[in-house]
Each structure stands twice: as C-alpha cells, then as structure tokens.
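> Attaching a single structure in structure tokens format; questions to follow.
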Amino acid sequence: MSETAARDRPDVPTTLPAGTPVRAALASTRNAWADFAAIYTPFTWIVGWLGRIVAQVIFFALIGNLLGSQEQVRYLYIGAAVTATAMEALLVVATTTRERYSGTLPLLVASPTRLWPVFLGRSVQWIPSGVATGAVALFVIGPLFGVTFALGPGVAAFGILVLVAVSTYGYALALAALVLRFMRLRNWATNLSYTLMMLVCGVTVPTAFWPVWVQAIGQVFPLTHALDAIRHLEAGDATAAQVWADVGLSVVTALGWYVIGAASLERLASSGRRDGSIEFAD
Amino acid sequence: MWRIHTREVLSRVQYRRDVVSAVGVVGLRREFGGRRGQPVVVALQGVDLQIPEGEIHGLLGPNGAGKTTLCKILSTVLLPTAGSASISGYDVATETAAVRRLIGIVFGGERGLYTRLTARANLEFWATLYGLRGPAAHLRVDALLERLGMERWADDRVETFSRGMKQRLHLARGLVGDPRVLILDEPTTGMDPVAAKDFRSLVTSLRAEGRTILVTTHDMAEAEAICDRVTLIDNGAILATERPSTLGSWITRYARVSASGVPDERVSEITSAVMEIDGVAEVRLTSPGALLIDTAAEGAAPTVLRLLLDLGVTEVATTRPDLAEVYLRAIGDRGMRIDR
Amino acid sequence: MTTSTLSSRAGEVVTGNVRGVAAGVSRELRELRRSPDQLMALVTAPLLTLVFLAIMLHANRHDLAPYAVLAPALLVLWQMALQTSGDTVESERENGSLEALVATPSPLPAVIGGRIAAVTVVSMLGFGESWLVAGLVFGVWVQVFHPAAMVAIVLVTGYATACSALVLSALFVTTRSARTLQNVLTYPFYILGGVIVPVALLPMWIQPLSRLVFLSWSSDLMRDALTPAPIEAMWGRLGMVLLLGTVALVVGHLLVKRALDRSRRMGSIGHV
C-alpha cells in the first residue's frame with residue numbers, strides 16, 4: 001500500500017544547489033546595471049547628477065558663510081557630502097518599486113528561490129554611483145571649501161564612504177520592503193528618510209544638540225557613526241580605536257536593517273498569498 | 001524469478017490505475033474582503049476539476065469568471081480559503097516547494113518580462129532562480145531559444161520585441177524550470193491572428209513532451225483549436241466540461257445573421273418568412289431597415305442567408321456568437337447558469 | 001478690421017485666458033488630490049525648517065531664524081514649479097492631447113499660469129507650516145513686520161515663477177534631456193537665487209549672474225519683510241522681479257510659438 005502511494009506522485013527534489021541565493025542576487029544585478037545605463041549617459045550623469053549633488057553640498061556649506069565661520073563651512077560640507085552617498089542608496093526604494101511595476105513579482109513568488117536575494121541584487125548600481133558622487137564632493141571639490149584629508153586618513157575615509165553606501169543600502173532595502181506593500185508611499189519614504197537623516201545624524205548639527213530621545217533615533221541610522229568617523233579623520237584627530245568603534249557600530253546597525261529587510265520581503269510574499277495582493281500581469 | 005516479474009507487472013498496472021492527476025482541484029473556494037465592513041467577494045465557489053497528465057485543458061470564461069484566481073492558486077501565488085488543490089499530488093498550500101518545481105507560469109501581454117535585458121539574459125536570470133548553473137543553464141537556455149525559434153533575436157533587448165516575440169519569450173520563461181504542468185493565463189490577448197496561430201501550434205507541440213497544459217482564455221475558437229477538453233467557468237463556478245467539438249457546434253448553432261437596407265414596407269413580410277425557418281429563435285428590428293436574426297440550430301444560419309438573398313436582401317452578414325451569448329443560450333438553456 | 005471685430009477678438013482672447021487659468025487651477029487641485037506626492041512638499045517643508053533652524057540656533061544666531069523659516073517655502077515653490085512645468089507638458093504629451101491643448105482657445109500659458117497660481121498658494125501654506133513648526137518646536141516665533149509688503153512680494157514672485165515655468169515648459173517640450181535640465185535647475189538655482197544665503201554673501205564673480213535670477217531679488221525682499229527695519233528701495237526691487245518675470249514670459253512665448261510652428265511643419269509637437 002505504501003509502495004503504491006509512494007509511486008503515486010513523481011519524486012520532486014525540493015532543495016536547490018548550494019549558493020543559489022548568491023547566484024540569484026548576482027543575476028539580479030544585471031537588471032540594476034541595465035536600469036542605470038538606461039537612465040544615464042556619462043554626460044547626463046556628470047552634469048545632471050554629479051553636478052546637482054555637488055551644488056547641493058555647496059548649498060549647505062554656504063550657510064557657514066552666513067554664520068561667518070570657516071569651521072561651520074567645513075562641518076556642513078562634510079556632512080552634506082557624506083549624506084549625498086547615503087541619499088543615493090535610498091534610491092533602492094525606486095528601483096525596487098520598478099521591479100514590482102514590471103509585473104514579475106508573482107513569477108518571483110512562484111519560483112523555487114526566495115524573494116530577498118533578487119531584491120538584494122536589484123539595486124546595486126546606487127552603491128558605486130553614490131560612492132563616486134560622495135568621493136568627488138569630498139576629495140575633489142572639498143579642498144575648495146577647506147576640507148582636506150591627509151593621505152592615510154583619506155584612504156580610510158574613502159573606505160568608510162563605501163561603508164556608508166553599503167550600510168544605508170540595508171536600511172533602504174527594509175524601507176523598500178515596506179513600500180512594496182504600500183506603493184503610493186514610495187516618494188514619501190525616501191524624502192522623509194533623507195530629511196530625517198539630515199536632521200538627527202549629525203549632518204548639520206552635532207547629535208548632542210538634540211534631546212536624548214532624538215539622539216536615540218539617530219542611532220538607528222548607519223550614517224551617524226560613519227559620518228562621525230569621517231569627521232575625525234578629516235580633522236586629523238582620529239584614533240584607531242574610535243574609528244573602529246564607529247565602523248563596528250555602523251556595521252551592526254546595517255546588519256540589523258538587512259535582516260529586517262530580508263524578513264519583510266519574505267513576509268510580503270506570505271501575506272500576499274493570503275490576501276491576494278500579488279497581482280498577475282494584466 | 002517468475003514471482004518477481006509478476007509483482008513488477010502487477011505494480012505497474014496498479015500504478016496506472018492509481019495514477020495521480022496532474023492538476024487536482026477539490027471543493028476549491030476563494031473569498032476576498034470581509035474585513036472592516038467590506039463586502040465579501042467570492043471569486044471561486046467550491047470548484048472541482050481533475051486534469052490528467054498530458055492533457056491540454058482549456059479554462060474558458062468571461063473576464064471576472066475566476067480563471068485567473070484559479071491560476072494564482074495553482075501557481076502558489078494565492079492561498080485558497082477552503083478546499084484543496086494539488087499539482088501531481090503535491091498540495092499547493094502545504095507543499096509549495098515541490099509545487100514550485102513542477103509548474104511554469106506563462107503570462108500573456110507586456111508585463112512579466114525584463115524589457116531592458118535581452119531575451120537570453122531574461123532566460124538566464126530565471127534559469128538561475130530555478131537552480132540551474134553554469135553549463136547546464138546555458139544548455140537549457142540555448143535549447144529553449146532554439147525550440148521556440150528565437151535564436152535570431154536572442155541577444156536583442158526585449159523592449160524592441162513585437163507582441164508575438166514577447167509571447168514566445170513568456171513561453172520560454174515558463175519552460176525554463178522544465179515543468180510538468182504549464183499554466184498559460186490568456187496568452188494570446190492582443191496578438192494578431194497570424195502570430196496567435198503560430199503560438200498555438202507551439203503550445204500543441206508541447207504535448208508531445210508529456211507536459212500538462214492549462215490554458216485560460218475567453219476566446220472560444222482558440223479553446224476549440226488547441227484543447228483536448230474545455231471547462232467553462234463563470235461567476236466562480238464551473239458550468240460544464242466539454243469536448244472542443246461541442247464548442248464548435250455551439251459556434252455554428254448560435255450564429256447570428258444581420259440584414260440591412262430592408263425597405264420598410266417589406267419588413268413584416270421578410271420577418272414572417274424567416275420565422276418559418278426551422279431553428280430560428282428570434283428576429284428583431286434593431287433600426288429602420290436593419291434586421292437581426294438569432295438562430296438556435298445547426299444549419300439554420302445558411303438557410304436564413306439563402307432565403308434573404310432569394311428575397312432580394314443583399315446586405316447580409318453572419319457573425320459568430322461571442323462567449324456571453326453562448327453562455328446565455330447554451331448554458332442557460334440547460335439551466336446551469338449559476339448566479340452569485 | 002472693424003472695431004466690433006477687434007473688441008470681440010480681444011474678448012475672445014480674454015475669455016480664453018481666463019478659462020485657461022481656471023482650468024489650470026482646477027487641474028492642479030485635482031493633481032494634488034490624486035497624487036499625494038505633491039502634498040509631500042507640505043511635510044518636508046517644516047522638517048527642512050527644523051534642519052535650517054537647528055543650524056542657526058546651534059550657532060547662537062537667533063536673528064537668522066527668519067532665514068531658516070523662509071527658505072523651505074522658497075524651495076517648495078520652485079520645486080513644485082519645476083514639477084508642474086515638466087508635468088503639464090509630459091502628461092499632455094502622453095495623453096496625446098498636447099496638440100489639442102496648444103490649439104484650444106485656452107492657451108498653454110494660461111493653463112500653466114493657473115497651475116502655478118495654485119502651486120504658489122500651496123508653497124505659502126508651507127511657509128505657514130514652517131512658521132508654526134519653528135514656534136512649536138524651538139519656541140522661535142518669526143514676525144512678519146511688513147505684512148502688506150509681504151503680500152505684494154508673494155504676488156509678484158508668483159507671477160515671475162509662472163513666467164519662468166512657461167519658459168521651462170517650452171524647453172521641456174523641445175529638449176531631449178529634460179531630466180538633466182530639471183536636475184540642474186534645482187540646487188544651482190537655489191544658490192543663485194539666494195534661497196537661504198543672500199546673494200551678497202556669494203563670491204563677487206557670481207553675483208551678476210545671480211542678479212539675473214528673479215528669485216534672488218524675491219528672497220532678499222521677503223527676508224527684509226521679516227525684519228523690523230523698513231524695506232529699502234522696495235518698489236525698485238519689486239520692479240526688477242516683475243521685469244525679469246516679464247522677460248521670461250516673452251521668451252517663453254517665443255519658444256512656445258517656435259515649437260508650435262515646428263510642429264505644424266513636422267506634424268508632431270512632441271520630440272521622440
């Protein structure tokens with residue numbers, strides 16, 4: 001009896017080869033590069049994007065002039081430049097919603113692979129783009145506003161800039177998982193996040209300016225500690241212990257966001273199955 | 001040795017008798033809404049359906065009949081509210097990992113493809129998600145491109161494709177995981193007749209590979225052309241399961257003849273003459289000089305046409321009934337229409 | 001032409017424009033209701049006030065509070081103007097109604113004017129919010145010392161913004177890199193327009209250029225309206241804003257006319 005039952009239905013292997021999530025994430029990056037190439041040419045990226053970001057950084061730095069303080073100019077410049085990199089990572093929300101608009105979500109849910117690797121790789125173009133804009137602002141244009149790095153600290157600062165991009169990417173992934181559920185919120189989510197980061201992460205004023213409960217909010221953004229490290233590196237008074245501590249805190253918060261993001265994406269799939277919110281293509 | 005042989009033969013016979021359906025649906029029900037004062041919408045009302053392996057099965061119904069809901073449940077994108085559905089014996093709700101290996105979804109239309117990538121890149125992406133890697137993946141992708149006649153434009157970006165080419169890519173994508181069951185959701189919508197015909201012959205050729213195919217459509221002619229059996233669905237309930245030839249006879253039986261340019265003084269004369277014909281259900285005057293004749297029997301329409309021509313009415317045309325009309329006449333006649 | 005024909009022609013033009021403005025206003029209100037994105041400006045404006053105000057207060061410069069409260073409103077005004085000019089053209093083009101819109105008795109400039117009028121009101125709401133937030137969060141209550149002047153300045157600024165939006169629409173219609181243009185017209189424009197840092201504090205070599213931007217005059221005037229001292233040379237400066245706006249209007253008209261002429265020759269108004 002059990003023999004026939006076993007022969008009743010075909011044998012289906014349900015385990016995927018090891019490393020499939022990694023390969024899936026890599027396969028997804030092809031869409032990321034294709035999207036980037038479709039939006040930007042080298043000219044439009046330099047003039048339309050880099051130019052605008054540098055202008056934004058200068059816009060904030062000039063407030064230092066208003067305050068009559070060279071110190072303030074440097075403070076605001078560094079804050080704005082590093083935040084530019086973080087801001088670009090927030091574009092993950094835009095490319096993630098684009099994935100939903102392409103109508104592939106039901107196909108992704110129905111495939112043997114989970115959702116999170118696909119969305120992890122989907123928006124990677126913003127990391128090199130963000131690091132490039134931040135780096136140009138910080139190291140190329142920065143000296144014009146009194147922002148200078150010694151060689152060693154400069155290299156370290158560049159590394160931390162990469163960390164800013166990758167860590168904010170995790171936060172943005174979690175945000176994107178939320179927005180996939182409530183698509184209309186996509187612009188709200190990015191703009192509010194960006195403005196909030198500017199407010200509480202020590203970008204325009206030191207975190208100590210705020211009451212403790214506001215400072216606590218700032219702690220959840222990976223940007224806060226990374227920016228602090230970069231400031232010390234530029235000022236030349238960074239100690240290795242301090243920098244590593246800042247890096248460590250950034251990494252920990254980022255990991256937290258990555259986990260939340262992956263979990264939220266899987267929740268999206270399971271709740272979508274229950275309430276029918278995953279639409280087939282029209 | 002004899003005993004072993006007998007046992008083997010017996011077990012094989014037993015296997016064929018107990019063979020599991022490729023698609024098995026029992027009492028499947030799906031409701032939406034019902035929270036926060038929203039009305040409950042019943043998309044599927046306790047549907048039963050068994051599709052044996054290797055069959056091309058059509059699911060025919062108007063928009064909103066529940067075809068897509070059923071497809072979503074079978075492809076594990078939607079959970080049922082009650083009842084069960086299984087693919088080759090694996091339950092879609094509790095054994096999703098296995099089901100996802102067994103099915104392939106084929107959309108119709110524009111969405112579901114990565115338009116900024118090439119056809120090959122699209123297929124390679126999905127091949128990765130289905131656990132293929134390296135040479136195995138390339139082999140599968142190449143084979144699919146060749147099988148569906150896509151080699152020439154394999155490395156062109158999908159956004160440059162015509163509707164017909166995109167549909168082939170949809171089909172290739174659905175086949176990437178080598179599924180036993182293919183689910184095609186309205187695949188030929190928006191396709192021109194020639195491309196649709198080509199696509200249909202591709203689909204029927206898949207039968208030879210032993211795959212089971214479920215096709216949803218609202219086009220009776222298409223259902224008749226490619227399916228082994230057709231299930232009619234409306235308002236979330238299955239009305240009947242028919243052979244394609246039955247569908248064909250409905251199409252010819254319920255044809256409609258329209259005549260225009262009938263002079264006013266001859267309308268009643270022509271009307272009564274037409275009503276005399278066996279199989280004419282109704283004659284209506286839709287506007288001055290325009291008559292609409294509904295038939296209800298095979299061969300009635302040609303007879304009506306000949307009569308009209310004999311009577312000197314030359315502006316005539318026949319139209320095939322659409323799905324709604326067939327439902328009304330054929331199913332309604334049988335008293336099988338189910339209202340929600 | 002007889003006088004009656006002349007006056008009826010003039011009457012036509014006037015009613016066309018009035019209808020256009022009304023259409024523009026209602027269109028903008030519909031957009032705002034439909035897409036919550038536009039209303040987002042009303043949420044980010046007060047937050048930006050907090051950002052700017054925090055900078056001032058941290059440096060113990062309470063006297064700069066008016067600057068911090070005003071800046072977000074100007075940012076919102078210009079951002080929405082950009083969006084509207086791009087929008088009006090893009091969505092009409094997508095609907096295929098661009099040709100119809102340009103050809104109707106309600107001319108495109110009037111429609112845009114109507115939309116910008118609505119946008120200006122929204123941005124002033126933003127100013128109100130910023131003012132409220134500054135008071136509630138930091139206890140800093142900015143005073144409008146010259147309210148009548150402020151109203152005049154806002155009206156004139158709205159006019160100049162509408163005129164600029166027309167030029168922008170014409171540019172967006174005819175150019176391929178609309179997005180690049182939009183990006184360039186944000187922060188570089190805010191710097192030249194003295195949105196938060198008065199133009200007088202910019203390097204000498206850039207000041208002439210910024211004086212060509214109407215926003216630089218407007219922002220200075222608005223800041224003066226928020227300080228107790230009497231506003232110097234107010235009429236002259238208001239005149240500059242009007243002048244720059246009108247120049248933009250003329251240029252905009254010429255560009256639209258050229259685009260129309262080209263469309264009649266080539267058969268389509270939109271670029272590919």
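All residue names refer to the structure tokens as shown: chains lettered A, B, ... in order, residues numbered from 1 in each chain, ligands numbered from 1 in order.
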May I have the residues of chain B within 8 Å of chain A, counting only C-alpha atoms, written as a PyMOL selection string?
chain B and resi 11+14-15+18-20+32+68+72+75-79+88-90+97-98+100-102+105+107-114+116-117+124-125+128-131
> Please, which residues of chain A lie no more than 8 Å from chain C when the count uses only C-alpha atoms, and can they be set out as a PyMOL selection string?
chain A and resi 44+47-49+51-53+55-56+59+62-63+65-67+184+187-188+191-192+195-196+198-199+204-205+209
> Give me, as an MDAnalysis selection string, the residues of region 101-203 of chain A that a backbone DSSP run labels alpha helix (DSSP H).
chainID A and resid 101 105:109 115:122 126:135 151:181 186:200
> Compile the contact shell of Val142 (chain C) as a list in words: residues with an atom at most 7 Å away, counting only C-alpha atoms, same-chain residues fewer than 6 positions apart removed.
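Here the answer would be Ala65, Pro66 and Trp131 of chain C.
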> Which one is closest to Ser130 (chain C): C:Leu209, C:Val13, C:Ala73, C:Met222? Count only C-alpha atoms.
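Counting only C-alpha atoms, the residue closest to Ser130 (chain C) is C:Ala73.
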